[in-house]
Amino acid sequence: MSNKRLLGWKSIPLGGSIVEPGNSVQRPTGDWRVFKPIINQDKCVRCLLCWIYCPEPSIYIIDRPYKTSTGREWKFSVEVDYNFCKGCGICVEECPVKAIDFVEEVR
Amino acid sequence: MRDANEMWRRIPLNSNYAAAYGAKDSDVDVVAAYPITPQTPVVERIADFIANGELNAEMIHVESEHSAMSACIGAASAGARTFTATSAQGLELMHELLHIASGLRLPIVMTIASRALSAPLSIWGDYSDVINVRDTSWIILIASSAQEVYDSVIQAYKIAEDPDVLLPVMVAYDGFMMSHTYEPVYVANNSEIFKDYIPKKRSWTVLDIEKPITMGAVANPDWYYEFKYQQVVAMEKSYDAIKNADKEFGKRYGRSYGVIESYNLDGGKIGVLTYGGLFGTVMEAIDYMNKEGIKVTGIRLRLFRPFPSNDIKEFLKDLKTLIVIDRAISFGAPIEGPIAMEISALAYRESIDIPIYSYIASVGQRTTTEEDIIGIVKDAISLFERGKRVTKSIYWGVRQ
């Protein structure tokens, strides 16, 4: 955390109020993560249970076709938004085909 | 008694009722309170005002002081001019909310009928409760008459809502000795006279559906420090705001108090400093001592936070010694009289090297008369003349 890019006490709203609504997109919270979910596109059956359960929500449906090693063709892919995924592991727990790996991140 | 058509009418009020009149004449919008001796008559009287249609405000009955201050924080966040009152255990129960009210920069005003803390249970007066909330970033005024309580509550809104300040304000006075003792008080015949002095401007950040904001968000280590520093600056700036509010009040309404009050200023090089209603006893004692040929100057601390360092410094410079009488104990402190300790720190800061004698008296409202004050002064003078510096506080009148 470099103090150079942060505002000083005169330039910030009194009392810690957040005076502009909808600014959460400017604050990536993904760096809280210790374990990182990685979706195995080959094993994934596109049931979207992870999308339903993700509390953030950080599961995204991407308009990108995918052909599995067994020759099955999907019209879309499912991916994790690592800017906001906090690594809670709920998707890993809920995935019915164990298609999500949970890997410790080294930063 | 003045003419009814004039600005004021003179009526008998105790300090509790004076506080209630002060809140009414400040045209408060929301009062949230929980009863506690000796404060209860304040909010009872405000409830009367609302029931009689004399005050258009919302009275929120809550289940504890913790909730009372929480409700005040909510109301002030919504832009309401907010008031509450408490004493002793009630002030302690709302302690964490005191920090939240000041941290959120909400201009809440609260009166304290100061009372000793349990255990053992005591409903009687001393300043243990107020001294305990010293570091909550509230501005703390300590009044010494019912008139001053009334005037100070109105001044408190002027100070709290000043855009350079935006800190909550406490107005304290002696439990029982003031809260239940009647004095003649001038109150406004028509509260409209204060409309220009404390106009409702909503000078602080409020919740507004047209312009949504988040209050009470998290501040992580890279931000928290800056928000606390904002409070440091606000507290510094409040010193002038408090003086100006008092001066303007004096100009408009003919009564002002300053941040410290002196008595028998030309009296001599020995000073006696105290706060609250006990100063009345000190003034009486000074008159007696004058007749005996003992010259003493009385100093009353009207402002506790921010500490009126610059004003007290001017007095200290001219004194040979100062006696500080405290009505609270800071257990285990280097000097156990809380104000004596602050004065000592100030004297050190300003390189003023005079003996400061710390006396503890009237704790749990142990009767303290003019004779006691004279005894304290004579005791200190005898120590001073023998060149004795006392490092510990002296517990006046405690039974051995």
# chains A, B, ... in the order shown; residues from 1 in each chain; ligands from 1
>>> closest_atom_pairs(of="chain A", to="chain B", cutoff="6 Å", atoms="only C-alpha atoms", output="Markdown table")
| residue | atom | partner | partner_atom | distance |
| --- | --- | --- | --- | --- |
| A:Trp9 | CA | B:Glu226 | CA | 4.8 |
| A:Gly15 | CA | B:Leu104 | CA | 4.5 |
| A:Ser17 | CA | B:Met215 | CA | 4.7 |
| A:Ile18 | CA | B:Thr214 | CA | 4.9 |
| A:Val19 | CA | B:Ile213 | CA | 4.6 |
>>> write_last_selection(atoms="C-alpha atoms", output="PDB file, in the first residue's frame")
ATOM      1  CA  TRP A   9      -7.268  13.941   5.707  1.00  0.00           C
ATOM      2  CA  GLY A  15     -16.467  10.673   9.418  1.00  0.00           C
ATOM      3  CA  SER A  17     -18.985   8.499   4.922  1.00  0.00           C
ATOM      4  CA  ILE A  18     -19.108   7.164   1.392  1.00  0.00           C
ATOM      5  CA  VAL A  19     -20.741  10.007  -0.499  1.00  0.00           C
TER       6      VAL A  19
END
>>> select_by_dssp(residues="chain A", states="strand (DSSP E or B)", output="MDAnalysis selection string")
chainID A and resid 18 35:39 59:62 66:67 73:74 77:80 100:104
>>> write_last_selection(atoms="N, CA and C atoms", output="compact mmCIF listing (two decimals), in the first residue's frame")
# COMPACT_ATOMS: atom_id res chain seq x y z
N ILE A 18 -19.33 7.40 2.82
CA ILE A 18 -19.11 7.16 1.39
C ILE A 18 -20.18 7.96 0.66
N PHE A 35 -7.42 -19.01 -1.01
CA PHE A 35 -7.55 -20.10 -1.98
C PHE A 35 -8.33 -19.60 -3.20
N LYS A 36 -7.94 -20.10 -4.33
CA LYS A 36 -8.50 -19.59 -5.58
C LYS A 36 -9.27 -20.72 -6.28
N PRO A 37 -10.57 -20.52 -6.60
CA PRO A 37 -11.30 -21.56 -7.34
C PRO A 37 -10.97 -21.49 -8.83
N ILE A 38 -10.65 -22.65 -9.40
CA ILE A 38 -10.35 -22.67 -10.83
C ILE A 38 -11.30 -23.69 -11.48
N ILE A 39 -12.11 -23.22 -12.43
CA ILE A 39 -13.11 -24.09 -13.05
C ILE A 39 -12.44 -24.89 -14.18
N ILE A 59 -19.27 -15.39 -10.27
CA ILE A 59 -19.30 -16.39 -11.34
C ILE A 59 -19.92 -15.73 -12.57
N TYR A 60 -19.21 -15.80 -13.67
CA TYR A 60 -19.67 -15.14 -14.89
C TYR A 60 -19.89 -16.17 -16.00
N ILE A 61 -20.95 -15.93 -16.76
CA ILE A 61 -21.22 -16.78 -17.92
C ILE A 61 -20.64 -16.04 -19.13
N ILE A 62 -19.68 -16.68 -19.76
CA ILE A 62 -18.95 -16.03 -20.86
C ILE A 62 -19.42 -16.58 -22.20
N TYR A 66 -17.05 -23.96 -26.17
CA TYR A 66 -15.97 -24.82 -25.67
C TYR A 66 -16.27 -26.27 -26.08
N LYS A 67 -15.23 -26.95 -26.61
CA LYS A 67 -15.38 -28.35 -26.98
C LYS A 67 -14.54 -29.19 -26.04
N GLU A 73 -19.84 -30.39 -27.11
CA GLU A 73 -19.71 -28.98 -27.48
C GLU A 73 -20.63 -28.10 -26.63
N TRP A 74 -20.03 -27.12 -25.93
CA TRP A 74 -20.80 -26.15 -25.16
C TRP A 74 -20.81 -24.82 -25.88
N SER A 77 -18.99 -20.64 -21.73
CA SER A 77 -18.09 -21.08 -20.66
C SER A 77 -18.49 -20.40 -19.35
N VAL A 78 -18.04 -20.98 -18.24
CA VAL A 78 -18.31 -20.40 -16.92
C VAL A 78 -16.96 -20.04 -16.28
N GLU A 79 -16.84 -18.79 -15.85
CA GLU A 79 -15.55 -18.38 -15.28
C GLU A 79 -15.73 -17.57 -13.99
N VAL A 80 -14.61 -17.41 -13.29
CA VAL A 80 -14.63 -16.68 -12.01
C VAL A 80 -14.04 -15.28 -12.23
N ILE A 100 -14.42 -27.89 -9.90
CA ILE A 100 -13.72 -26.68 -9.47
C ILE A 100 -12.59 -27.05 -8.52
N ASP A 101 -11.37 -26.72 -8.93
CA ASP A 101 -10.21 -26.95 -8.08
C ASP A 101 -10.05 -25.76 -7.15
N PHE A 102 -9.52 -25.99 -5.94
CA PHE A 102 -9.33 -24.92 -4.96
C PHE A 102 -7.84 -24.90 -4.64
N VAL A 103 -7.16 -23.91 -5.17
CA VAL A 103 -5.70 -23.90 -5.14
C VAL A 103 -5.19 -22.74 -4.28
N GLU A 104 -4.27 -23.02 -3.38
CA GLU A 104 -3.70 -21.94 -2.56
C GLU A 104 -2.93 -20.98 -3.45
>>> atom_distance(atom1="atom CA of Ile354 of chain B", atom2="atom CA of Thr321 of chain B")
5.4 Å
>>> residues_around(residues="Ile50 of chain B", least_positions_apart="6", cutoff="9 Å", atoms="only C-alpha atoms", output="compact mmCIF listing (two decimals) with C-alpha atoms, in the first residue's frame")
# COMPACT_ATOMS: atom_id res chain seq x y z
CA LYS B 24 -37.32 23.18 23.94
CA ASN B 56 -43.04 19.82 18.10
CA ALA B 57 -40.66 16.89 18.51
CA GLU B 58 -40.57 13.12 18.43
CA MET B 59 -39.96 11.52 21.84
>>> residues_around(residues="Val45 of chain A", least_positions_apart="5", cutoff="9 Å", atoms="only C-alpha atoms", output="MDAnalysis selection string")
chainID A and resid 74 96:97 99
>>> residues_around(residues="Ile90 of chain A", least_positions_apart="5", cutoff="9 Å", atoms="only C-alpha atoms", output="list in words")
Cys50, Tyr53, Cys54, Pro55 and Cys95 of chain A
>>> select_by_dssp(residues="segment 89-197 of chain B", states="alpha helix (DSSP H)", output="ChimeraX atom specification")
/B:89-93,95-103,128-132,146-160
>>> atom_distance(atom1="atom CA of Arg45 of chain B", atom2="atom CA of Ala19 of chain B")
9.4 Å
>>> residues_around(residues="segment 28-31 of chain A", least_positions_apart="2", cutoff="7 Å", atoms="only C-alpha atoms", output="list in words")
Val25, Gln26, Arg33, Tyr82, Asn83, Phe84, Cys85 and Lys86 of chain A
>>> write_last_selection(atoms="N, CA and C atoms", output="PDB file, in the first residue's frame")
ATOM      1  N   VAL A  25     -17.599  -1.161  -7.443  1.00  0.00           N
ATOM      2  CA  VAL A  25     -16.878  -1.748  -8.581  1.00  0.00           C
ATOM      3  C   VAL A  25     -15.449  -1.219  -8.669  1.00  0.00           C
ATOM      4  N   GLN A  26     -15.220  -0.037  -8.019  1.00  0.00           N
ATOM      5  CA  GLN A  26     -13.868   0.529  -8.064  1.00  0.00           C
ATOM      6  C   GLN A  26     -12.949  -0.087  -7.013  1.00  0.00           C
ATOM      7  N   ARG A  33      -8.407 -12.998  -0.910  1.00  0.00           N
ATOM      8  CA  ARG A  33      -8.472 -14.435  -1.132  1.00  0.00           C
ATOM      9  C   ARG A  33      -7.196 -15.139  -0.683  1.00  0.00           C
ATOM     10  N   TYR A  82     -11.896 -12.866 -10.754  1.00  0.00           N
ATOM     11  CA  TYR A  82     -10.930 -12.854  -9.641  1.00  0.00           C
ATOM     12  C   TYR A  82     -10.745 -11.469  -9.015  1.00  0.00           C
ATOM     13  N   ASN A  83     -11.307 -10.431  -9.610  1.00  0.00           N
ATOM     14  CA  ASN A  83     -11.252  -9.103  -8.994  1.00  0.00           C
ATOM     15  C   ASN A  83     -12.112  -9.044  -7.733  1.00  0.00           C
ATOM     16  N   PHE A  84     -13.154  -9.903  -7.711  1.00  0.00           N
ATOM     17  CA  PHE A  84     -14.091  -9.833  -6.587  1.00  0.00           C
ATOM     18  C   PHE A  84     -14.243 -11.142  -5.815  1.00  0.00           C
ATOM     19  N   CYS A  85     -13.823 -12.272  -6.401  1.00  0.00           N
ATOM     20  CA  CYS A  85     -13.920 -13.559  -5.697  1.00  0.00           C
ATOM     21  C   CYS A  85     -13.040 -13.515  -4.457  1.00  0.00           C
ATOM     22  N   LYS A  86     -13.666 -13.802  -3.260  1.00  0.00           N
ATOM     23  CA  LYS A  86     -12.910 -13.739  -2.009  1.00  0.00           C
ATOM     24  C   LYS A  86     -12.424 -15.111  -1.579  1.00  0.00           C
TER      25      LYS A  86
END
>>> atom_distance(atom1="atom CA of Gln41 of chain A", atom2="atom CA of Ser58 of chain A")
16.4 Å
>>> residues_around(residues="Leu91 of chain B", least_positions_apart="4", cutoff="9 Å", atoms="only C-alpha atoms", output="PyMOL selection string")
chain B and resi 65-66+85-87+95+98+112+129-130+133
>>> write_last_selection(atoms="N, CA and C atoms", output="PDB file, in the first residue's frame")
ATOM      1  N   GLU B  65     -29.900   3.212  27.761  1.00  0.00           N
ATOM      2  CA  GLU B  65     -29.146   4.368  27.285  1.00  0.00           C
ATOM      3  C   GLU B  65     -28.367   4.023  26.017  1.00  0.00           C
ATOM      4  N   HIS B  66     -27.979   2.757  25.907  1.00  0.00           N
ATOM      5  CA  HIS B  66     -27.283   2.323  24.689  1.00  0.00           C
ATOM      6  C   HIS B  66     -28.195   2.580  23.485  1.00  0.00           C
ATOM      7  N   ALA B  85     -30.440  13.067  27.449  1.00  0.00           N
ATOM      8  CA  ALA B  85     -29.872  13.415  28.747  1.00  0.00           C
ATOM      9  C   ALA B  85     -29.656  12.127  29.510  1.00  0.00           C
ATOM     10  N   THR B  86     -28.619  12.107  30.349  1.00  0.00           N
ATOM     11  CA  THR B  86     -28.373  10.914  31.163  1.00  0.00           C
ATOM     12  C   THR B  86     -27.505  11.258  32.363  1.00  0.00           C
ATOM     13  N   SER B  87     -27.128  10.219  33.102  1.00  0.00           N
ATOM     14  CA  SER B  87     -26.269  10.341  34.288  1.00  0.00           C
ATOM     15  C   SER B  87     -25.507   9.030  34.462  1.00  0.00           C
ATOM     16  N   HIS B  95     -21.365   4.341  26.342  1.00  0.00           N
ATOM     17  CA  HIS B  95     -19.991   4.780  26.063  1.00  0.00           C
ATOM     18  C   HIS B  95     -19.547   4.507  24.621  1.00  0.00           C
ATOM     19  N   LEU B  98     -20.904   6.861  22.186  1.00  0.00           N
ATOM     20  CA  LEU B  98     -20.358   8.222  22.241  1.00  0.00           C
ATOM     21  C   LEU B  98     -19.280   8.371  21.178  1.00  0.00           C
ATOM     22  N   ILE B 112     -25.853  16.168  31.099  1.00  0.00           N
ATOM     23  CA  ILE B 112     -25.473  15.167  32.092  1.00  0.00           C
ATOM     24  C   ILE B 112     -25.689  15.761  33.482  1.00  0.00           C
ATOM     25  N   ASP B 129     -18.549  10.213  36.217  1.00  0.00           N
ATOM     26  CA  ASP B 129     -19.111   9.821  34.918  1.00  0.00           C
ATOM     27  C   ASP B 129     -18.552  10.677  33.782  1.00  0.00           C
ATOM     28  N   VAL B 130     -18.508  11.981  33.996  1.00  0.00           N
ATOM     29  CA  VAL B 130     -18.053  12.888  32.934  1.00  0.00           C
ATOM     30  C   VAL B 130     -16.556  12.700  32.663  1.00  0.00           C
ATOM     31  N   VAL B 133     -15.630   9.891  30.293  1.00  0.00           N
ATOM     32  CA  VAL B 133     -15.873   9.987  28.844  1.00  0.00           C
ATOM     33  C   VAL B 133     -15.007  11.082  28.206  1.00  0.00           C
TER      34      VAL B 133
END
>>> closest_residue(among="B:Glu236, B:Asp372, B:Glu385, B:Glu161", to="Lys200 of chain B", atoms="only C-alpha atoms")
B:Glu161
>>> closest_residue(among="B:Glu63, B:Glu44, B:Glu342, B:Asp287", to="Ser309 of chain B", atoms="only C-alpha atoms")
B:Glu342
>>> closest_residue(among="B:Val153, B:Val272, B:Ala361, B:Met69", to="Phe194 of chain B", atoms="only C-alpha atoms")
B:Val153
